[in-house]
Protein chains: 2
Amino acid sequence: MKKIAFLFIVLFAFSISNAQKKDLTISQAVSGQYSFLYPGRLLGLKWVTNTEDYSIVNTQYNSIRIEPVLSKKKSVVIFLNNVNKALLTIKKDTMQYFYTYSWKNENTLIFDDNTRYIQYNYIDKKIKCIEKPDNAEGFEYCEANDNYAFTIDNNLYIFDDKGEKLAVTKDKDKNIVNGQTVSRSEFGILDGIFWSPKGNFLAFYRKDDSKVTDYPLIDISTIPASVKNTKYPMAGSTSEYLKVGIYNTKTKSTIFLDSDGEQGDQYLINPTWSPDEKYIILTRLNREQNHAKVELFDAKTGKHIKTLFEEKNDKWVEPEHEAYFIDNNTFIWQSERDNFNHLYLYDIEGDMKKQITKGKWVVTEIKDYNKEKKELYYMSTENSPLEANLYSVNIETGKTNRITKVDGTHNVGINISAGLIIDGYSNLTTPRVYNIIDLKGHIIKNLKTADNPLTDFNISMPEIGTIKAADGKTDLYYRLIKPTNFDKNKKYPVIVYLYGGTHTQLVKNSWMAGGQMWLYYMAEKGYVVFTIDNRGSGNRGFEFESVIHRNVGQNEMKDQIKGIEFLKKQSYVDKNRIGVHGWSFGGFMTVSLLENYSDIFKVGVAGGPVTDWKFYEIMYGERYMDMPKENPEGYALTSTLDKVSNIKSKLLVIHGGVDPTVVPQQSYQFLRECIKAGVQVDFFTYPTHEHNVRGKDRDHLMQKITEYFDDNL
Amino acid sequence: MKKIAFLFIVLFAFSISNAQKKDLTISQAVSGQYSFLYPGRLLGLKWVTNTEDYSIVNTQYNSIRIEPVLSKKKSVVIFLNNVNKALLTIKKDTMQYFYTYSWKNENTLIFDDNTRYIQYNYIDKKIKCIEKPDNAEGFEYCEANDNYAFTIDNNLYIFDDKGEKLAVTKDKDKNIVNGQTVSRSEFGILDGIFWSPKGNFLAFYRKDDSKVTDYPLIDISTIPASVKNTKYPMAGSTSEYLKVGIYNTKTKSTIFLDSDGEQGDQYLINPTWSPDEKYIILTRLNREQNHAKVELFDAKTGKHIKTLFEEKNDKWVEPEHEAYFIDNNTFIWQSERDNFNHLYLYDIEGDMKKQITKGKWVVTEIKDYNKEKKELYYMSTENSPLEANLYSVNIETGKTNRITKVDGTHNVGINISAGLIIDGYSNLTTPRVYNIIDLKGHIIKNLKTADNPLTDFNISMPEIGTIKAADGKTDLYYRLIKPTNFDKNKKYPVIVYLYGGTHTQLVKNSWMAGGQMWLYYMAEKGYVVFTIDNRGSGNRGFEFESVIHRNVGQNEMKDQIKGIEFLKKQSYVDKNRIGVHGWSFGGFMTVSLLENYSDIFKVGVAGGPVTDWKFYEIMYGERYMDMPKENPEGYALTSTLDKVSNIKSKLLVIHGGVDPTVVPQQSYQFLRECIKAGVQVDFFTYPTHEHNVRGKDRDHLMQKITEYFDDNL
C-alpha cells in the first residue's frame with residue numbers, strides 16, 4: 001500500500017508542466033515556508049564528540065543515526081524506545097520525541113525534554129536525569145564539572161554533579177536579577193551565566209533594575225485583564241546597574257569584580273574566562289557608548305588588574321564579541337577600529353601583537369582554532385558582502401585560505417581533531433546542500449542535495465543587482481522579484497519591502513535571496529517586489545553603518561529613494577502605484593517615508609514601528625541617537641509624531657499588544673497625533689503577540705497586509 | 001459697522017434658494033450640531049428663588065438678566081464686572097465668565113468657578129468665597145446650613161458655614177471609599193452625599209472595594225506609559241460591600257445604618273430622608289436583583305425599624321427612584337409592578353394607600369408637588385411613547401391633567417409658589433421654543449422661538465412610523481431618513497443605526513427625531529438611514545424591556561430583522577448594500593447581527609462593543625444575564641467570541657483605549673478570536689478616550705466611520 005502511494009506521487013510529480021503549476025496559498029507562503037516548502041533539512045546534524053562520526057535525527061524524531069564519514073564502520077542507530085526503556089528504570093514517564101540533543105562525550109547524549117535533562121550512554125545504557133524545577137530557565141551545562149546552572153525568577157542556582165540544588169544567590173528584591181542576560185541583549189550579550197573552563201567557578205551578571213522604569217503590558221488571558229510589567233529603560237532615563245559575580249564551586253562563596261572604576265553609568269560586556277581560570281576579561285563601555293575599556297580582572301579576588309587597551313570613536317564603539325583565547329596568555333580581539341570588523345592578536349598584558357585579518361570586508365564569526373597548525377577558522381564577507389564563507393588564517397604567517405568553495409551562504413561545523421567540516425549551504429540556485437569537506441575545502445562526502453521544494457508552484461527567481469547610494473559612490477544591493485508571467489510591456493505596481501536598520505541584511509546570496517516567501521507570493525499576485533539594503537544596514541563596515549548617527553532614518557531614506565528612482569526608470573513600473581512595508585525599524589522607515597516623501601508612496605504598512613526614539617530603549621537607541629537632552633534636534637528631526645499631517649497615503653499600522661521591544665505606546669502615541677491632526681490612518685493589533693506575530697497567527701497577519709495592498713495599491 | 005454686517009447676513013439668508021443650499025461638512029455635522037447648528041438656547045434659564053422672576057445668562061457669559069414674567073417691573077442685569085469688583089475685596093483674582101450659577105435666595109447667587117464657590121448678594125454686594133481644595137470633587141451644598149460636603153480621594157469632608165474644613169471620614173485604606181456614587185451608578189444612584197432636609201445630618205455611602213478586582217487602563221501621557229487601575233467587578237466576581245453612614249453635624253459623630261440584614265451580597269439603593277429627619281428609607285436589593293425590600297431606618301441610631309414593603313419579580317426588579325415625601329408620614333413610590341412605571345402612595349408604616357397613576361404608559365419623572373392643591377407634577381409618555389409631557393395628578397381625586405399642550409419633548413421648570421412653569425420643548429417640526437406657561441398649560445409669555453439653524457443646508461426631515469415586532473403584536477417605532485434629493489426610482493444603500501439596550505430610546509418626537517446630525521449627513525451622501533427601537537429598549541414598560549432576560553440581544557436582533565424585512569420591501573432599497581452601526585450595546589448588537597444574520601449585512605461598524613457578557617460588570621450585566629455560573633447557556637448563546645467564523649461582512653471594531661465602562665479587553669479578546677479563526681476584521685482605537693470619543697476628536701471618529709461605509713458598502 002505504501003509503495004503504491006509512493007509510485008503515484010512520483011508519476012504525478014513528473015506529469016506537472018509549467019502550465020499546470022499551482023499558485024501558492026497565503027498559508028503555504030507563510031507557514032509553509034518553514035515546513036514542507038523548506039528545502040530538505042538534515043535534522044540535528046552534528047559531530048559526535050571525540051570521533052570522526054556525525055549524527056542525524058530522523059524525521060519522526062524517534063531515532064538518531066550515527067554515521068562514519070570515511071571508514072567502513074557500520075552506522076549505529078539509537079532508538080527513542082531504548083532511551084525510554086532506560087528512563088523507565090528511574091522515572092515514571094517517557095520522552096515523546098528526541099527534542100534538542102547534544103553529545104556529552106562519544107557515548108553519552110544529553111536530551112533536553114523541556115521539563116528535564118536526560119543523559120544517556122547508548123553503550124552501557126546508563127541513564128541520569130535532572131528535573132527542571134518550575135519556572136527554571138536559562139540552563140547552562142558545564143561539561144567539566146557536570147553541573148547545571150540556571151535561574152528561577154531573579155536568582156541563580158546550580159544542580160551539582162550529584163543532582164543537588166544549590167542557591168548561588170538569594171536576593172529577595174525582585175529588582176536584583178542574577179544570571180540573566182543584561183542590557184537588553186545588545187553588545188552580543190545573550191545570557192548571564194558563564195562557567196569557567198575547568199568548572200571551578202561560575203561567573204554571572206547581577207543586574208540592579210531598581211531605578212529602571214516599568215512598561216505595563218496588558219495580559220488579556222486573565223479575567224479581568226492584568227498587567228505584566230516589563231523593565232523598559234527609555235532613552236535618557238536611569239539605566240540598570242551591573243556587576244559581575246564569581247561563585248566558587250568549592251568554597252560556595254561569591255565575590256564581585258571591582259568593575260565600578262571611575263565611571264558612572266556604564267555597560268559591562270561579555271565577561272570571558274582565561275583558559276587557566278586566573279583572569280576575566282570584561283569590556284567596560286561608557287553610557288555614551290563612545291569609549292570602551294577592555295579590562296583584566298583577577299578572577300579569585302575580583303580585583304582590577306589593568307586596562308588592557310581602549311577603543312574610542314566620535315560616533316560609537318560597539319564591542320560585541322568576547323575575547324577569544326588561544327592559550328593562557330594570548331587572545332584574539334574583534335574590532336571595527338579600521339572601519340571593518342577584523343581580528344587582532346593580543347597578549348594578556350594588553351599588547352597588540354598584530355592585526356590578523358585586513359580588507360574591505362568583515363569577519364562575522366570566529367569558528368574554531370587549530371592549535372597545532374596555528375590556524376584560525378572564521379566566517380567572513382571577503383568573497384561578497386552577500387555571502388558567508390569559511391576561511392582559515394595562519395596566525396603566524398598571516399596566510400589566509402578560503403575553505404568553502406561554492407559561492408553562497410554557508411553554515412559550518414568544524415571537527416578539528418578529524419580535520420573535517422560539516423558544510424551546509426545554499427545560494428540563489430541551490431536550495432540546500434550538506435557536504436562533509438576537509439580543511440582545504442575538498443568534498444569528502446555529500447550528505448544531501450535537497451530538491452527544489454517549489455517546482456510544483458508558480459514562483460519566480462529573484463534578481464540581485466547594485467545601484468549607487470545617495471552619496472553617489474557606495475554600492476547598495478537590491479533584490480527584485482517579478483511574477484513568473486512577467487510581461488515587460490505591462491505596468492506593475494511595486495511593493496518595497498524594507499528594514500533599513502543596523503545589524504541586518506535582507507539581500508543575500510542564499511536560497512530565495514534571503515527573502516521570505518510571502519514576497520514571492522505577492523509577486524505572483526502581480527506586484528514587482530523590491531528590497532534594497534540601504535547604508536546603515538549590516539555587514540558593510542562602520543562607515544557604511546554609521547550614517548545613521550544622531551539622525552536615524554534620514555540617510556537611510558535617501559538611499560531608499562535612490563531605489564525608487566531606479567524603479568521609476570523601469571518601463572514596466574507603474575510610478576503611481578508604489579507601496580512600502582516594513583516591521584520594527586522597517587515600520588519606522590515606512591512611516592517616515594510616508595511623511596517625508598509623501599508624493600511617492602500610495603500605500604504603507606508599518607508593523608511594530610518606532611514612532612519617536614524617545615520611547616525606545618537606552619542601549620540600542622542612545623548608541624545611535626545619544627540622549628534626548630544631548631541631541632534634541634536629532635530627536636525632533638526623526639520623530640514621526642509632529643509630521644503626521646504630511647501623510648497623504650493609505651497607512652496601516654500594526655502592533656503586537658504585548659510588544660516588549662518596541663512598546664505599544666509608540667503606535668498609540670502616533671494614533672493620538674493622527675487623531676489630533678485629523679489624519680485618517682488604519683490600525684490593527686495582535687493582542688497576545690510580542691514584537692513579531694509568530695506561529696499560525698502569522699498567516700492572519702500576512703493575509704491582512706496582503707489585503708491592504710490589494711485593496712489600496 | 002455692526003448693523004451693516006447684520007443686514008448683509010439677513011439679505012444673504014433670504015437669497016438662498018434650495019438649489020444653492022450647502023452640504024454639511026463632517027465637522028459641521030459632528031461638532032457643529034452642538035454649537036452653531038444647535039437650535040437657539042436660552043442659557044442658564046431658571047426661576048429666581050422665591051420670586052416670579054426668571055433669569056438668563058447672556059451669550060458672552062458676562063451678565064445675568066433677571067426678568068419679571070407678569071408685572072411691569074424692570075429687568076435687572078447683574079454684570080460679571082460687579083461681581084469681580086466685590087470678589088477683589090476678598091480675593092486676588094477674578095472670575096472669567098459666569099460659569100454654572102444657581103439662586104441661594106432671591107438676592108444671592110452661587111457661582112461655581114471650577115476652583116471655588118462664590119456667593120454673591122447682588123443687592124448689598126456682599127460676597128463670600130469657598131476655595132475648592134486640590135482634588136476635591138462631588139460638592140453638595142446644603143441650603144439649610146450653608147455647608148458644602150465634598151470628597152477628596154476616598155474621604156468625605158465638610159466646609160461648614162464659617163468656611164472651616166472638617167473631615168467626616170478618615171479612611172487610610174484606599175479601598176474604602178466614602179461619599180461617592182456606588183454600584184457603578186446603576187439604580188439611579190448618581191452621587192454618594194445626602195444632606196438631611198434641615199441640615200442636621202449628612203448621610204453618605206461607604207463602599208468597601210477591597211475584594212473588587214482592578215481593571216488596568218493604560219495612560220500614554222506619561223513616559224513610559226503607566227497603569228491607571230479602575231475597580232471593575234466583572235460578572236460573577238466578588239462585588240463591593242456597602243454601608244450608609246449618618247454624620248451628625250452637631251456632635252460630629254457618625255453612625256452607620258444597620259443595613260446588613262440577613263442577606264449576603266446586596267445593593268443599598270437611594271437613601272432618602274424623611275422631611276423631619278427622623279427616618280431614612282433605603283432599598284435593599286439582593287445580588288440576584290429579583291427581590292427588593294424597602295426598609296425604614298431610625299436616622300439617629302441607625303437601627304432598622306421595619307421592612308415597609310417588598311417587590312419581587314422572576315426576572316428582575318429595578319428600584320431606580322428615591323421615596324418622594326409629600327409630608328412627614330407620606331411618600332410616593334415609583335414601581336414597575338404593574339408592568340409600567342407608575343406612582344403609588346405609601347404611609348411611613350409601609351401601607352399602600354393607593355395607586356396614583358395607571359395606564360399603558362410610564363411615568364418618567366416626578367417634578368414637583370403642590371401641597372395646597374395636593375397636585376403632583378410628573379412627566380410621562382401617556383400622550384406617546386416618543387414624547388415627554390408634563391402632567392398633574394390630584395392625589396386625592398386621582399384626576400390627571402396634561403399641562404404641556406404641544407406634542408413633543410418637553411423640559412420644564414416649575415415654580416409652584418408663582419403657579420408658573422418654564423416650558424422648553426421641541427418636536428419634529430419645531431427646533432426649540434421656550435414659553436412661560438401656567439399650571440393649566442396656558443401660554444403666559446413666549447421667551448424664544450428658535451429659528452431652524454439648518455435652513456441653509458441640504459438636510460432632510462425624518463419619517464417616523466411603526467412596524468410590528470417579531471412577536472407579531474408589539475408596535476416598534478422607526479426613524480427613516482432619506483436624502484433631500486431622494487428619487488424613489490433609484491436604489492439606495494442602507495445604514496441601520498442602532499443601540500437596542502435597556503433604558504434608551506433613539507426615536508423621539510423631538511427636533512431631528514432624536515437623531516444625531518451625522519445620520520442626516522450620511523443620508524445626504526446617498527444612504528437611507530434607518531433606526532428602530534427594538535423590544536428591550538426604554539420607556540415602553542417592563543414586559544417590552546424584559547425580553548432581554550438571560551438572552552441579551554437575541555429578541556432584540558429578531559426585531560431589528562423585522563426592520564430589515566420592512567426595508568427590503570421598499571422599492572428604493574438596495575437589498576445587497578445594508579450596513580449597520582452602533583456603539584456600546586449597539587456595538588454588541590452590530591457584531592451579533594454580523595454573526596447571526598451574516599447574509600443580510602455587507603458592512604458593520606461596532607464601537608466600544610460588549611463581546612462577551614462575562615467581561616461586563618456585575619450591576620448592569622447580572623440584572624439581565626444573572627451570573628455566568630447561573631446562566632452558562634445564556635452566556636454561551638450571547639457570546640460573540642465563538643461565532644467569529646460566521647462573519648462574512650466587512651467589520652470595523654473601534655474601542656476607546658481607556659474605556660472604563662466596556663473595557664478594552666472586550667475588543668481585544670474578540671480580535672484574538674478572529675485571529676485564531678483566520679477571520680479578517682478591521683480595528684481602530686482612540687488611545688486617550690473612554691467609552692465615547694468626545695470633543696474635537698469625535699470629528700475624526702465619524703470621518704473614519706463615514707469612510708468605512710463609503711469604501712465598503
# chains A, B, ... in the order shown; residues from 1 in each chain; ligands from 1
$ closest_atom_pairs --of "range 297-362 of chain A" --to "range 239-254 of chain A" --cutoff "12 Å" --atoms "only C-alpha atoms" --output "Markdown table"
| residue | atom | partner | partner_atom | distance |
| --- | --- | --- | --- | --- |
| A:Phe297 | CA | A:Val244 | CA | 10.7 |
| A:Asp298 | CA | A:Ile246 | CA | 10.4 |
| A:Ala299 | CA | A:Ile246 | CA | 7.2 |
| A:Lys300 | CA | A:Ile246 | CA | 7.9 |
| A:Thr301 | CA | A:Ile246 | CA | 9.1 |
| A:Gly302 | CA | A:Ile246 | CA | 7.8 |
| A:Lys303 | CA | A:Ile246 | CA | 11.6 |
$ residues_around --residues "Asn534 in chain A" --least-positions-apart "5" --cutoff "7 Å" --atoms "only C-alpha atoms" --output "MDAnalysis selection string"
chainID A and resid 476 500 556 559:560
$ residues_around --residues "Glu262 in chain A" --least-positions-apart "4" --cutoff "12 Å" --atoms "only C-alpha atoms" --output "PyMOL selection string"
chain A and resi 258+266+284-286+293+304
$ select_by_dssp --residues "range 325-363 of chain A" --states "strand (DSSP E)" --output "PyMOL selection string"
chain A and resi 325-327+330-335+342-347+352-355+363
$ write_last_selection --atoms "C-alpha atoms" --output "mmCIF file, in the first residue's frame"
data_model
loop_
_atom_site.group_PDB
_atom_site.id
_atom_site.type_symbol
_atom_site.label_atom_id
_atom_site.label_comp_id
_atom_site.auth_asym_id
_atom_site.auth_seq_id
_atom_site.Cartn_x
_atom_site.Cartn_y
_atom_site.Cartn_z
ATOM 1 C CA PHE A 325 41.680 32.843 23.948
ATOM 2 C CA ILE A 326 44.051 30.676 22.002
ATOM 3 C CA ASP A 327 46.261 29.974 25.014
ATOM 4 C CA THR A 330 47.007 35.138 24.126
ATOM 5 C CA PHE A 331 43.619 36.093 22.794
ATOM 6 C CA ILE A 332 42.038 37.341 19.616
ATOM 7 C CA TRP A 333 40.022 40.514 19.693
ATOM 8 C CA GLN A 334 37.431 41.654 17.174
ATOM 9 C CA SER A 335 37.224 45.336 16.411
ATOM 10 C CA HIS A 342 38.671 42.396 11.868
ATOM 11 C CA LEU A 343 40.758 40.175 14.106
ATOM 12 C CA TYR A 344 43.636 41.352 16.290
ATOM 13 C CA LEU A 345 46.059 39.291 18.329
ATOM 14 C CA TYR A 346 46.672 40.436 21.903
ATOM 15 C CA ASP A 347 48.627 39.115 24.837
ATOM 16 C CA MET A 352 48.711 44.076 20.451
ATOM 17 C CA LYS A 353 50.873 41.619 18.573
ATOM 18 C CA LYS A 354 49.362 42.020 15.155
ATOM 19 C CA GLN A 355 46.318 42.599 13.044
ATOM 20 C CA VAL A 363 34.780 38.955 9.832
#
$ residues_around --residues "Met557 in chain A" --least-positions-apart "4" --cutoff "10 Å" --atoms "only C-alpha atoms" --output "number ranges by chain"
A: 470, 500, 534-535, 552-553, 561-563, 589-590, 592-593, 596-597
$ write_last_selection --atoms "N, CA and C atoms" --output "tab-separated table (two decimals), in the first residue's frame"
chain	number	residue	atom	x	y	z
A	470	ALA	N	22.83	57.29	-2.09
A	470	ALA	CA	22.63	58.74	-2.24
A	470	ALA	C	23.96	59.51	-2.16
A	500	GLY	N	16.21	48.31	6.95
A	500	GLY	CA	16.99	49.56	6.92
A	500	GLY	C	17.82	49.83	8.15
A	534	ASN	N	19.90	49.63	2.47
A	534	ASN	CA	20.46	50.99	2.45
A	534	ASN	C	21.70	51.09	3.35
A	535	ARG	N	22.44	52.21	3.21
A	535	ARG	CA	23.50	52.49	4.17
A	535	ARG	C	22.88	52.50	5.57
A	552	VAL	N	18.80	59.12	12.86
A	552	VAL	CA	18.32	57.81	12.42
A	552	VAL	C	17.24	57.93	11.33
A	553	GLY	N	17.43	57.19	10.27
A	553	GLY	CA	16.40	57.12	9.21
A	553	GLY	C	16.61	58.10	8.06
A	561	ILE	N	15.15	56.13	-1.53
A	561	ILE	CA	14.61	56.93	-2.64
A	561	ILE	C	15.45	56.70	-3.90
A	562	LYS	N	16.75	56.43	-3.73
A	562	LYS	CA	17.56	56.03	-4.88
A	562	LYS	C	16.99	54.75	-5.50
A	563	GLY	N	16.56	53.86	-4.64
A	563	GLY	CA	15.91	52.63	-5.12
A	563	GLY	C	14.64	52.96	-5.90
A	589	MET	N	10.80	53.21	9.24
A	589	MET	CA	11.16	53.68	7.90
A	589	MET	C	9.90	53.90	7.06
A	590	THR	N	8.95	52.99	7.19
A	590	THR	CA	7.71	53.10	6.41
A	590	THR	C	6.96	54.38	6.74
A	592	SER	N	8.16	57.02	8.25
A	592	SER	CA	9.00	58.17	7.91
A	592	SER	C	8.93	58.47	6.41
A	593	LEU	N	8.97	57.45	5.58
A	593	LEU	CA	8.90	57.67	4.13
A	593	LEU	C	7.56	58.27	3.73
A	596	ASN	N	7.87	61.95	4.82
A	596	ASN	CA	8.90	62.78	4.21
A	596	ASN	C	8.92	62.72	2.68
A	597	TYR	N	8.35	61.67	2.13
A	597	TYR	CA	8.30	61.51	0.67
A	597	TYR	C	6.88	61.12	0.30
$ interface_residues --of "chain B" --to "chain A" --cutoff "8 Å" --atoms "only C-alpha atoms" --output "mmCIF file with C-alpha atoms, in the first residue's frame"
data_model
loop_
_atom_site.group_PDB
_atom_site.id
_atom_site.type_symbol
_atom_site.label_atom_id
_atom_site.label_comp_id
_atom_site.auth_asym_id
_atom_site.auth_seq_id
_atom_site.Cartn_x
_atom_site.Cartn_y
_atom_site.Cartn_z
ATOM 1 C CA THR B 213 -10.793 43.375 41.015
ATOM 2 C CA ASP B 214 -8.907 46.133 39.229
ATOM 3 C CA TYR B 215 -9.052 46.606 35.510
ATOM 4 C CA PRO B 216 -5.791 48.112 34.223
ATOM 5 C CA ILE B 218 -3.068 52.376 30.052
ATOM 6 C CA ILE B 220 0.003 57.007 27.363
ATOM 7 C CA ILE B 223 6.871 58.365 29.661
ATOM 8 C CA PRO B 224 6.813 55.434 29.807
ATOM 9 C CA ALA B 225 3.110 54.672 29.655
ATOM 10 C CA SER B 226 1.606 53.862 33.067
ATOM 11 C CA VAL B 227 -1.324 51.982 34.534
ATOM 12 C CA MET B 234 -16.865 41.541 36.427
ATOM 13 C CA PHE B 615 -16.363 40.733 30.745
ATOM 14 C CA GLN B 665 -10.441 43.571 26.875
ATOM 15 C CA TYR B 668 -9.014 42.620 22.314
ATOM 16 C CA GLN B 669 -10.498 39.242 23.159
ATOM 17 C CA LEU B 671 -9.717 40.279 17.897
ATOM 18 C CA ARG B 672 -7.879 37.371 19.477
ATOM 19 C CA ILE B 675 -7.078 35.982 14.567
ATOM 20 C CA LYS B 676 -7.289 32.398 15.828
ATOM 21 C CA GLY B 678 -8.395 33.382 10.478
ATOM 22 C CA VAL B 679 -11.202 35.925 10.198
ATOM 23 C CA GLN B 680 -10.185 39.320 8.849
ATOM 24 C CA ASP B 682 -10.640 45.882 10.987
ATOM 25 C CA PHE B 683 -9.913 47.677 14.243
ATOM 26 C CA PHE B 684 -9.152 51.151 15.452
ATOM 27 C CA THR B 685 -8.523 52.590 18.876
ATOM 28 C CA TYR B 686 -8.712 56.076 20.328
ATOM 29 C CA PRO B 687 -5.906 55.691 22.853
ATOM 30 C CA THR B 688 -6.852 58.529 25.202
ATOM 31 C CA ASP B 697 -11.695 64.068 18.213
ATOM 32 C CA ASP B 699 -14.938 64.556 14.081
ATOM 33 C CA HIS B 700 -12.099 62.094 13.391
ATOM 34 C CA LYS B 704 -13.477 57.185 9.983
#
$ residues_around --residues "Thr381 in chain B" --least-positions-apart "6" --cutoff "9 Å" --atoms "only C-alpha atoms" --output "MDAnalysis selection string"
chainID B and resid 361:364 387:389 539:540
$ write_last_selection --atoms "N, CA and C atoms" --output "PDB file, in the first residue's frame"
ATOM      1  N   TRP B 361     -48.561  53.237  29.868  1.00  0.00           N
ATOM      2  CA  TRP B 361     -47.536  54.239  29.601  1.00  0.00           C
ATOM      3  C   TRP B 361     -46.741  54.394  30.884  1.00  0.00           C
ATOM      4  N   VAL B 362     -45.651  55.149  30.825  1.00  0.00           N
ATOM      5  CA  VAL B 362     -44.787  55.210  32.003  1.00  0.00           C
ATOM      6  C   VAL B 362     -44.598  56.640  32.505  1.00  0.00           C
ATOM      7  N   VAL B 363     -44.549  56.753  33.822  1.00  0.00           N
ATOM      8  CA  VAL B 363     -44.094  57.989  34.460  1.00  0.00           C
ATOM      9  C   VAL B 363     -42.571  58.005  34.350  1.00  0.00           C
ATOM     10  N   THR B 364     -42.032  59.097  33.832  1.00  0.00           N
ATOM     11  CA  THR B 364     -40.575  59.144  33.679  1.00  0.00           C
ATOM     12  C   THR B 364     -39.896  59.983  34.762  1.00  0.00           C
ATOM     13  N   GLU B 387     -42.681  60.795  23.415  1.00  0.00           N
ATOM     14  CA  GLU B 387     -42.721  62.160  23.923  1.00  0.00           C
ATOM     15  C   GLU B 387     -42.493  62.234  25.430  1.00  0.00           C
ATOM     16  N   ALA B 388     -42.210  63.442  25.882  1.00  0.00           N
ATOM     17  CA  ALA B 388     -42.165  63.728  27.315  1.00  0.00           C
ATOM     18  C   ALA B 388     -43.065  64.935  27.549  1.00  0.00           C
ATOM     19  N   ASN B 389     -44.194  64.711  28.227  1.00  0.00           N
ATOM     20  CA  ASN B 389     -45.122  65.794  28.543  1.00  0.00           C
ATOM     21  C   ASN B 389     -45.294  65.905  30.050  1.00  0.00           C
ATOM     22  N   ASN B 539     -38.577  53.081  28.084  1.00  0.00           N
ATOM     23  CA  ASN B 539     -39.833  53.847  28.140  1.00  0.00           C
ATOM     24  C   ASN B 539     -41.054  53.132  27.587  1.00  0.00           C
ATOM     25  N   ARG B 540     -41.001  51.806  27.490  1.00  0.00           N
ATOM     26  CA  ARG B 540     -42.150  51.075  26.951  1.00  0.00           C
ATOM     27  C   ARG B 540     -42.696  50.047  27.937  1.00  0.00           C
TER      28      ARG B 540
END
$ residues_around --residues "Ile395 in chain B" --least-positions-apart "6" --cutoff "8 Å" --atoms "only C-alpha atoms" --output "list in words"
Ile356, Lys374, Glu375 and Leu376 of chain B
$ write_last_selection --atoms "N, CA and C atoms" --output "PDB file, in the first residue's frame"
ATOM      1  N   ILE B 356     -51.563  55.874  42.287  1.00  0.00           N
ATOM      2  CA  ILE B 356     -51.903  57.235  41.849  1.00  0.00           C
ATOM      3  C   ILE B 356     -52.067  57.325  40.338  1.00  0.00           C
ATOM      4  N   LYS B 374     -52.717  69.756  46.526  1.00  0.00           N
ATOM      5  CA  LYS B 374     -52.478  68.300  46.552  1.00  0.00           C
ATOM      6  C   LYS B 374     -52.250  67.757  45.137  1.00  0.00           C
ATOM      7  N   GLU B 375     -51.581  68.559  44.376  1.00  0.00           N
ATOM      8  CA  GLU B 375     -51.326  68.131  43.000  1.00  0.00           C
ATOM      9  C   GLU B 375     -49.842  67.790  42.800  1.00  0.00           C
ATOM     10  N   LEU B 376     -49.648  66.661  42.181  1.00  0.00           N
ATOM     11  CA  LEU B 376     -48.306  66.189  41.891  1.00  0.00           C
ATOM     12  C   LEU B 376     -48.036  66.401  40.399  1.00  0.00           C
TER      13      LEU B 376
END
$ atom_distance --atom1 "CA of Thr484 in chain A" --atom2 "CA of Val433 in chain A"
25.3 Å
$ residues_around --residues "Ile110 in chain A" --least-positions-apart "3" --cutoff "7 Å" --atoms "only C-alpha atoms" --output "MDAnalysis selection string"
chainID A and resid 101:104 117:120
$ select_by_dssp --residues "range 321-565 of chain B" --states "helix (DSSP H, G or I)" --output "PyMOL selection string"
chain B and resi 511-514+517-524+542-548+554-565
$ atom_distance --atom1 "CA of Pro632 in chain B" --atom2 "CA of Lys231 in chain B"
24.6 Å
$ atom_distance --atom1 "CA of Phe201 in chain B" --atom2 "CA of Tyr378 in chain B"
28.6 Å
